[in-house]
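For reference, my_file.txt is printed below; it contains compact mmCIF, C-alpha atoms and all ligand atoms.
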```txt
# COMPACT_ATOMS: atom_id res chain seq x y z
CA MET G 1 -15.47 9.41 -7.32
CA ARG G 2 -12.80 7.19 -5.79
CA ARG G 3 -12.92 6.73 -2.03
CA ARG G 4 -9.67 7.65 -0.33
CA VAL G 5 -7.61 5.00 1.41
CA LEU G 6 -4.88 5.46 4.00
CA ILE G 7 -2.61 2.53 4.76
CA GLY G 8 -0.27 2.41 7.75
CA ASN G 9 2.77 0.23 7.08
CA TRP G 10 4.31 -0.57 10.46
CA LYS G 11 7.26 -2.36 8.86
CA MET G 12 9.29 -4.27 11.49
CA HIS G 13 7.82 -2.41 14.45
CA LYS G 14 5.33 -3.18 17.20
CA PRO G 15 5.25 -6.63 18.70
CA ALA G 16 1.89 -7.85 20.02
CA ARG G 17 1.71 -5.82 23.24
CA GLU G 18 2.61 -2.56 21.49
CA ALA G 19 0.24 -3.38 18.64
CA ARG G 20 -2.67 -3.77 21.05
CA ALA G 21 -1.81 -0.51 22.81
CA TYR G 22 -1.57 1.26 19.43
CA VAL G 23 -5.04 0.17 18.32
CA ASN G 24 -6.57 1.00 21.69
CA GLU G 25 -5.22 4.54 21.39
CA PHE G 26 -6.05 4.87 17.67
CA LEU G 27 -9.68 3.73 17.67
CA PRO G 28 -11.24 6.57 19.69
CA LEU G 29 -9.35 9.08 17.54
CA ILE G 30 -10.84 7.88 14.25
CA GLN G 31 -14.38 6.99 15.37
CA HIS G 32 -15.89 9.89 13.40
CA ILE G 33 -14.12 9.04 10.10
CA SER G 34 -16.61 8.20 7.38
CA ASN G 35 -15.07 9.06 4.00
CA VAL G 36 -11.77 7.22 4.16
CA ASP G 37 -10.82 3.56 4.15
CA ILE G 38 -8.19 2.79 6.77
CA ILE G 39 -5.91 -0.23 6.54
CA LEU G 40 -3.27 -1.26 9.09
CA ALA G 41 -0.32 -3.40 8.03
CA PRO G 42 1.39 -4.75 11.16
CA PRO G 43 4.17 -7.33 11.14
CA PHE G 44 3.00 -10.95 10.78
CA THR G 45 3.40 -11.70 14.49
CA SER G 46 0.97 -8.93 15.46
CA LEU G 47 -1.74 -9.70 12.90
CA HIS G 48 -3.77 -11.78 15.35
CA VAL G 49 -3.77 -9.07 18.01
CA VAL G 50 -4.74 -6.33 15.57
CA LYS G 51 -7.41 -8.56 14.03
CA GLU G 52 -9.00 -8.96 17.45
CA ALA G 53 -8.65 -5.28 18.39
CA ILE G 54 -10.32 -3.98 15.18
CA LYS G 55 -13.00 -6.64 14.91
CA ASP G 56 -15.95 -4.30 15.52
CA THR G 57 -14.63 -1.57 13.22
CA THR G 58 -14.36 -0.96 9.48
CA ILE G 59 -10.56 -0.87 9.61
CA GLY G 60 -8.91 -3.28 7.19
CA LEU G 61 -5.96 -5.53 7.91
CA ALA G 62 -3.05 -6.08 5.51
CA SER G 63 0.14 -8.07 5.56
CA GLN G 64 3.42 -6.52 4.43
CA ASN G 65 4.29 -9.43 2.16
CA MET G 66 3.15 -12.91 1.17
CA HIS G 67 4.27 -15.92 -0.84
CA TRP G 68 2.37 -16.94 -3.95
CA ASN G 69 2.24 -20.66 -3.23
CA PRO G 70 -0.68 -22.10 -1.26
CA HIS G 71 1.56 -24.34 0.89
CA GLY G 72 4.76 -26.34 0.68
CA ALA G 73 8.43 -26.39 1.54
CA PHE G 74 9.03 -22.64 1.64
CA THR G 75 10.74 -22.04 4.96
CA GLY G 76 9.93 -18.68 6.44
CA GLU G 77 7.15 -17.84 3.99
CA ILE G 78 3.45 -17.15 4.58
CA SER G 79 0.76 -18.20 2.10
CA PRO G 80 -2.28 -16.19 0.97
CA ALA G 81 -4.62 -18.66 2.71
CA MET G 82 -2.68 -18.19 5.97
CA LEU G 83 -3.17 -14.45 5.66
CA CYS G 84 -6.91 -14.88 5.14
CA ASP G 85 -6.90 -17.14 8.17
CA SER G 86 -5.11 -14.40 10.13
CA GLY G 87 -7.82 -11.88 9.29
CA CYS G 88 -6.17 -10.05 6.39
CA GLN G 89 -8.19 -8.60 3.55
CA ALA G 90 -5.15 -7.15 1.78
CA ALA G 91 -1.42 -7.63 1.23
CA ILE G 92 1.31 -5.12 0.41
CA ILE G 93 3.23 -6.52 -2.55
CA GLY G 94 6.48 -5.38 -4.10
CA HIS G 95 7.40 -2.79 -1.49
CA SER G 96 10.72 -1.23 -2.49
CA GLU G 97 12.38 -2.52 0.68
CA ARG G 98 11.50 -6.04 -0.42
CA ARG G 99 12.54 -5.35 -4.00
CA GLN G 100 15.88 -3.98 -2.83
CA LEU G 101 16.67 -6.06 0.26
CA SER G 102 15.05 -9.37 -0.68
CA HIS G 103 15.59 -9.36 -4.45
CA GLU G 104 11.91 -9.34 -5.20
CA ASP G 105 11.63 -8.85 -8.96
CA ASP G 106 8.66 -8.04 -11.19
CA ASN G 107 8.06 -11.72 -11.87
CA LYS G 108 7.68 -12.49 -8.17
CA VAL G 109 5.52 -9.42 -7.72
CA ASN G 110 3.31 -10.65 -10.55
CA ARG G 111 2.93 -14.11 -9.02
CA LYS G 112 2.05 -12.56 -5.68
CA VAL G 113 -0.49 -10.16 -7.16
CA LYS G 114 -2.19 -13.03 -9.01
CA ALA G 115 -2.20 -15.22 -5.89
CA ALA G 116 -3.61 -12.40 -3.76
CA ILE G 117 -6.43 -11.80 -6.22
CA ALA G 118 -7.18 -15.52 -6.43
CA HIS G 119 -7.61 -15.54 -2.65
CA HIS G 120 -9.81 -12.43 -2.65
CA LEU G 121 -7.10 -10.37 -0.98
CA THR G 122 -6.62 -6.80 -2.19
CA ALA G 123 -3.17 -6.50 -3.73
CA ILE G 124 -1.52 -3.24 -2.68
CA MET G 125 1.07 -3.26 -5.45
CA CYS G 126 4.00 -0.85 -5.02
CA VAL G 127 5.99 0.69 -7.83
CA GLY G 128 8.71 3.32 -7.63
CA GLU G 129 11.91 4.59 -9.17
CA THR G 130 15.31 5.15 -7.55
CA GLN G 131 17.08 8.48 -7.40
CA LYS G 132 19.45 7.15 -10.08
CA ASP G 133 16.53 6.26 -12.38
CA ARG G 134 15.09 9.69 -11.81
CA ASP G 135 18.36 11.50 -12.51
CA ALA G 136 18.74 9.51 -15.72
CA GLY G 137 15.24 10.55 -16.84
CA LYS G 138 14.03 6.94 -16.65
CA THR G 139 11.13 7.37 -14.23
CA SER G 140 8.40 6.67 -16.80
CA ASP G 141 10.23 3.67 -18.29
CA VAL G 142 10.91 2.08 -14.91
CA LEU G 143 7.37 2.58 -13.66
CA SER G 144 5.75 1.38 -16.84
CA HIS G 145 7.91 -1.76 -16.76
CA GLN G 146 7.01 -2.46 -13.13
CA LEU G 147 3.31 -1.87 -13.75
CA ILE G 148 3.01 -3.90 -16.96
CA GLU G 149 5.09 -6.81 -15.61
CA GLY G 150 3.45 -6.73 -12.19
CA LEU G 151 -0.02 -7.02 -13.73
CA SER G 152 0.94 -9.31 -16.59
CA GLY G 153 -1.64 -11.98 -17.39
CA ILE G 154 -4.41 -10.28 -15.40
CA ASP G 155 -7.13 -9.50 -17.93
CA THR G 156 -10.02 -8.65 -15.69
CA ILE G 157 -9.96 -7.35 -12.19
CA ASP G 158 -12.49 -6.32 -9.60
CA THR G 159 -11.40 -2.78 -8.78
CA THR G 160 -11.54 -3.47 -5.05
CA GLN G 161 -8.81 -6.07 -5.53
CA LEU G 162 -6.03 -3.74 -6.58
CA ILE G 163 -4.59 -0.61 -5.01
CA LEU G 164 -1.60 0.80 -6.82
CA ALA G 165 0.96 2.58 -4.61
CA TYR G 166 3.43 4.98 -6.22
CA GLU G 167 6.38 5.07 -3.86
CA PRO G 168 9.39 6.90 -5.27
CA ILE G 169 12.31 5.24 -3.51
CA TRP G 170 14.14 8.54 -3.14
CA ALA G 171 11.23 9.84 -1.08
CA ILE G 172 10.78 6.89 1.28
CA GLY G 173 12.09 7.66 4.75
CA SER G 174 13.99 10.66 3.37
CA GLY G 175 11.88 13.41 4.90
CA THR G 176 11.42 14.85 1.40
CA PRO G 177 8.23 13.72 -0.32
CA ALA G 178 7.53 14.17 -4.00
CA THR G 179 5.81 17.49 -4.58
CA PRO G 180 2.05 17.18 -5.09
CA THR G 181 2.50 18.20 -8.73
CA GLN G 182 5.27 15.64 -9.36
CA ALA G 183 3.30 12.84 -7.73
CA ASN G 184 0.08 13.80 -9.50
CA ARG G 185 1.82 13.78 -12.89
CA VAL G 186 3.14 10.27 -12.26
CA HIS G 187 -0.24 9.04 -11.00
CA ALA G 188 -1.89 10.38 -14.16
CA GLU G 189 0.67 8.46 -16.24
CA LEU G 190 0.06 5.30 -14.22
CA ARG G 191 -3.68 5.62 -14.73
CA LYS G 192 -3.13 6.03 -18.46
CA LEU G 193 -1.05 2.85 -18.44
CA LEU G 194 -3.76 1.00 -16.51
CA GLY G 195 -6.02 2.05 -19.37
CA THR G 196 -3.94 -0.03 -21.76
CA LEU G 197 -4.67 -3.12 -19.63
CA PHE G 198 -8.23 -2.72 -18.41
CA PRO G 199 -11.51 -1.16 -19.56
CA ALA G 200 -12.01 2.55 -18.89
CA SER G 201 -14.51 2.00 -16.07
CA THR G 202 -12.02 -0.23 -14.24
CA THR G 203 -9.15 2.15 -14.84
CA GLU G 204 -11.12 5.07 -13.47
CA SER G 205 -12.03 3.16 -10.31
CA ILE G 206 -8.65 1.74 -9.28
CA ARG G 207 -7.13 3.76 -6.47
CA ILE G 208 -3.60 5.06 -6.93
CA ILE G 209 -2.05 6.16 -3.66
CA TYR G 210 1.19 7.96 -2.92
CA GLY G 211 3.86 6.89 -0.42
CA GLY G 212 7.13 8.49 0.63
CA SER G 213 7.66 10.72 3.67
CA ILE G 214 3.97 11.55 4.15
CA THR G 215 3.37 13.43 7.39
CA ALA G 216 0.42 15.10 9.07
CA GLU G 217 1.87 18.38 7.83
CA ASN G 218 2.28 17.55 4.13
CA ILE G 219 -0.65 15.20 3.38
CA GLN G 220 -3.25 17.86 2.60
CA PRO G 221 -1.78 19.30 -0.65
CA LEU G 222 -0.97 15.79 -1.86
CA LEU G 223 -4.58 14.70 -1.39
CA ALA G 224 -5.82 17.85 -3.10
CA MET G 225 -4.45 16.44 -6.37
CA PRO G 226 -7.02 14.76 -8.62
CA HIS G 227 -5.03 11.58 -9.22
CA ILE G 228 -3.88 10.99 -5.63
CA ASP G 229 -6.41 8.74 -3.93
CA GLY G 230 -4.74 8.29 -0.58
CA GLY G 231 -1.45 7.35 0.99
CA LEU G 232 0.82 4.55 2.09
CA VAL G 233 2.41 5.84 5.26
CA GLY G 234 5.54 4.45 6.90
CA GLY G 235 7.31 6.37 9.67
CA ALA G 236 4.48 8.80 10.37
CA CYS G 237 1.94 6.04 11.03
CA LEU G 238 3.88 4.57 13.95
CA ASN G 239 2.41 7.12 16.31
CA PRO G 240 -1.37 6.58 16.50
CA GLN G 241 -2.06 10.28 17.06
CA ASN G 242 -0.06 11.22 13.95
CA PHE G 243 -1.75 8.60 11.83
CA ALA G 244 -5.17 9.66 13.13
CA THR G 245 -4.39 13.26 12.14
CA ILE G 246 -3.40 12.10 8.65
CA VAL G 247 -6.62 10.08 8.32
CA ASP G 248 -8.65 12.99 9.65
CA THR G 249 -7.13 15.32 7.04
CA ALA G 250 -8.09 12.82 4.33
CA ASP G 251 -11.65 12.64 5.68
CA ASN G 252 -12.27 16.37 5.16
C1 LIG G 301 7.01 3.21 2.98
O1 LIG G 301 8.05 2.62 3.25
O2 LIG G 301 6.06 2.60 2.44
C2 LIG G 301 6.91 4.61 3.30
C3 LIG G 301 6.07 5.34 2.63
O3 LIG G 301 7.74 5.05 4.30
P1 LIG G 301 7.84 6.56 4.85
O4 LIG G 301 6.43 7.08 4.99
O5 LIG G 301 8.54 6.42 6.17
O6 LIG G 301 8.62 7.32 3.85
```

Would you write out, as structure tokens, the structure that this file holds?
Ligand code: PEP
Amino acid sequence: MRRRVLIGNWKMHKPAREARAYVNEFLPLIQHISNVDIILAPPFTSLHVVKEAIKDTTIGLASQNMHWNPHGAFTGEISPAMLCDSGCQAAIIGHSERRQLSHEDDNKVNRKVKAAIAHHLTAIMCVGETQKDRDAGKTSDVLSHQLIEGLSGIDTIDTTQLILAYEPIWAIGSGTPATPTQANRVHAELRKLLGTLFPASTTESIRIIYGGSITAENIQPLLAMPHIDGGLVGGACLNPQNFATIVDTADN
């Protein structure tokens, strides 16, 4: 039985003062949660504040990106060791906004995933197809390419070190999520593909989460699907009460 995980991706929102206020409001609302892992992914500049605010809780901390190099002349980049130093246990890698806006390709995603794992950070690796891919019937091809390339050269993995996020780009921020059946079908395919890379016990344990216009209203039927192990939440996590409701639904 895979434990559910809910990740709140704040994107480029919430500077330090707002981040602190968010966590102060969020914590009392999720005190009773026992069956769900919760991870917050604030912007880099708020990591230290969130780290401090969640220090006596089981909430995890993730970055929204990272570089694969340990140090060096990479202006504007943040290394895996710096993230560990900032209190992160995880890093979102290959988010579609980075793939699209920052030309992050599968090769870079692969380097980042490997570097994250080497630093004992959980890689939250995102894959997803565009509307154009979908219309052309290429969803499976695109996803299998992203998955195989993103995990290339990784022969063994501790299942706590990878979370796979299926984020159809047409669903992100659109207000229209994939239907539970659509998402579940894709997750089942992704799990089958993982089975070509890793032993069955590993494949069965890796969590595959869905992201794309999740709300407190639509999360329940998504989570009722056997292959959906949680969610990566963007817009709806920005309000602590909303995110707490989503987490609470996942806990039941
Ligand atoms: C995301 O960008 O990871 C995401 C899922 O965003 P939203 O929930 O706003 O669609």

**Report entry** Point-to-point distance in Å for CA of Thr179 (chain G) and CA of His145 (chain G)
**Finding:** 22.9 Å

Query raised in the report: Contacts of region 92-100 of chain G at 6 Å or less, counting only C-alpha atoms, minus same-chain residues fewer than 2 places along, as an MDAnalysis selection string?
Result: chainID G and resid 64:65 102:104 109 124:126

For the residues selected in the previous step, produce a file with C-alpha atoms as a PDB file, in the frame of the given file.
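Produced file selection.pdb, reproduced below:
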```pdb
ATOM      1  CA  GLN G  64       3.420  -6.520   4.430  1.00  0.00           C
ATOM      2  CA  ASN G  65       4.290  -9.430   2.160  1.00  0.00           C
ATOM      3  CA  SER G 102      15.050  -9.370  -0.680  1.00  0.00           C
ATOM      4  CA  HIS G 103      15.590  -9.360  -4.450  1.00  0.00           C
ATOM      5  CA  GLU G 104      11.910  -9.340  -5.200  1.00  0.00           C
ATOM      6  CA  VAL G 109       5.520  -9.420  -7.720  1.00  0.00           C
ATOM      7  CA  ILE G 124      -1.520  -3.240  -2.680  1.00  0.00           C
ATOM      8  CA  MET G 125       1.070  -3.260  -5.450  1.00  0.00           C
ATOM      9  CA  CYS G 126       4.000  -0.850  -5.020  1.00  0.00           C
TER      10      CYS G 126
END
```

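What separates CA of Leu194 (chain G) from atom O6 of ligand LIG 301 (chain G) is a distance of 24.7 Å.
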
Query raised in the report: What is the CA of Val49 (chain G)-CA of Ala62 (chain G) distance in Å, reported with one decimal?
Result: 12.9 Å

Kindly provide the residues of chain G that approach ligand LIG 301 (chain G) to within 12 Å, each paired with its closest atom pair and their distance in Å to one decimal, based on all atoms listed in the file, listed by chain and increasing number, as a Markdown table.
```
| residue | atom | partner | partner_atom | distance |
| --- | --- | --- | --- | --- |
| G:Leu6 | CA | G:LIG301 | C3 | 11.0 |
| G:Ile7 | CA | G:LIG301 | O2 | 9.0 |
| G:Gly8 | CA | G:LIG301 | O2 | 8.3 |
| G:Asn9 | CA | G:LIG301 | O2 | 6.2 |
| G:Trp10 | CA | G:LIG301 | O1 | 8.7 |
| G:Lys11 | CA | G:LIG301 | O1 | 7.5 |
| G:Met12 | CA | G:LIG301 | O1 | 10.8 |
| G:Ala41 | CA | G:LIG301 | O2 | 10.4 |
| G:Gln64 | CA | G:LIG301 | O2 | 9.7 |
| G:Ile92 | CA | G:LIG301 | O2 | 9.3 |
| G:Ile93 | CA | G:LIG301 | O2 | 10.8 |
| G:Gly94 | CA | G:LIG301 | O2 | 10.3 |
| G:His95 | CA | G:LIG301 | O2 | 6.8 |
| G:Ser96 | CA | G:LIG301 | O1 | 7.4 |
| G:Glu97 | CA | G:LIG301 | O1 | 7.2 |
| G:Arg98 | CA | G:LIG301 | O1 | 10.0 |
| G:Arg99 | CA | G:LIG301 | O1 | 11.7 |
| G:Gln100 | CA | G:LIG301 | O1 | 11.9 |
| G:Ile124 | CA | G:LIG301 | O2 | 10.9 |
| G:Met125 | CA | G:LIG301 | O2 | 11.0 |
| G:Cys126 | CA | G:LIG301 | O2 | 8.5 |
| G:Val127 | CA | G:LIG301 | O2 | 10.4 |
| G:Gly128 | CA | G:LIG301 | O2 | 10.4 |
| G:Ala165 | CA | G:LIG301 | O2 | 8.7 |
| G:Tyr166 | CA | G:LIG301 | C3 | 9.2 |
| G:Glu167 | CA | G:LIG301 | C3 | 6.5 |
| G:Pro168 | CA | G:LIG301 | C3 | 8.7 |
| G:Ile169 | CA | G:LIG301 | O1 | 8.4 |
| G:Trp170 | CA | G:LIG301 | O6 | 9.0 |
| G:Ala171 | CA | G:LIG301 | O6 | 6.1 |
| G:Ile172 | CA | G:LIG301 | O6 | 3.4 |
| G:Gly173 | CA | G:LIG301 | O6 | 3.6 |
| G:Ser174 | CA | G:LIG301 | O6 | 6.3 |
| G:Gly175 | CA | G:LIG301 | O6 | 7.0 |
| G:Thr176 | CA | G:LIG301 | O6 | 8.4 |
| G:Pro177 | CA | G:LIG301 | O6 | 7.6 |
| G:Ala178 | CA | G:LIG301 | O6 | 10.5 |
| G:Ile209 | CA | G:LIG301 | C3 | 10.3 |
| G:Tyr210 | CA | G:LIG301 | C3 | 7.8 |
| G:Gly211 | CA | G:LIG301 | C3 | 4.1 |
| G:Gly212 | CA | G:LIG301 | O6 | 3.7 |
| G:Ser213 | CA | G:LIG301 | O6 | 3.5 |
| G:Ile214 | CA | G:LIG301 | O4 | 5.2 |
| G:Thr215 | CA | G:LIG301 | O4 | 7.4 |
| G:Ala216 | CA | G:LIG301 | O4 | 10.8 |
| G:Asn218 | CA | G:LIG301 | O4 | 11.3 |
| G:Ile219 | CA | G:LIG301 | O4 | 10.9 |
| G:Gly230 | CA | G:LIG301 | C3 | 11.7 |
| G:Gly231 | CA | G:LIG301 | C3 | 8.0 |
| G:Leu232 | CA | G:LIG301 | C3 | 5.3 |
| G:Val233 | CA | G:LIG301 | O4 | 4.2 |
| G:Gly234 | CA | G:LIG301 | O4 | 3.4 |
| G:Gly235 | CA | G:LIG301 | O5 | 3.7 |
| G:Ala236 | CA | G:LIG301 | O4 | 6.0 |
| G:Cys237 | CA | G:LIG301 | O4 | 7.6 |
| G:Leu238 | CA | G:LIG301 | O5 | 9.3 |
| G:Asn239 | CA | G:LIG301 | O5 | 11.9 |
| G:Asn242 | CA | G:LIG301 | O4 | 11.8 |
| G:Phe243 | CA | G:LIG301 | O4 | 10.8 |
| G:Ile246 | CA | G:LIG301 | O4 | 11.6 |
```

Report task. Please tell me which residues are no farther than 10 Å from (-0.2, -0.2, 18.1) in the file, counting all atoms listed in the file, and write them as a PyMOL selection string. Result -> chain G and resi 10+13-26+40+42+46+49-50+53+237-240

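Comparing G:Gln220, G:Thr130, G:Thr45, G:Ser140 by their smallest distance to Asp251 (chain G), the closest is G:Gln220 (using all atoms listed in the file).
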
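Proximity ranking of G:Ser152, G:Thr181, G:Leu121, G:Asp133 relative to Asp106 (chain G) places G:Ser152 first, based on only C-alpha atoms.
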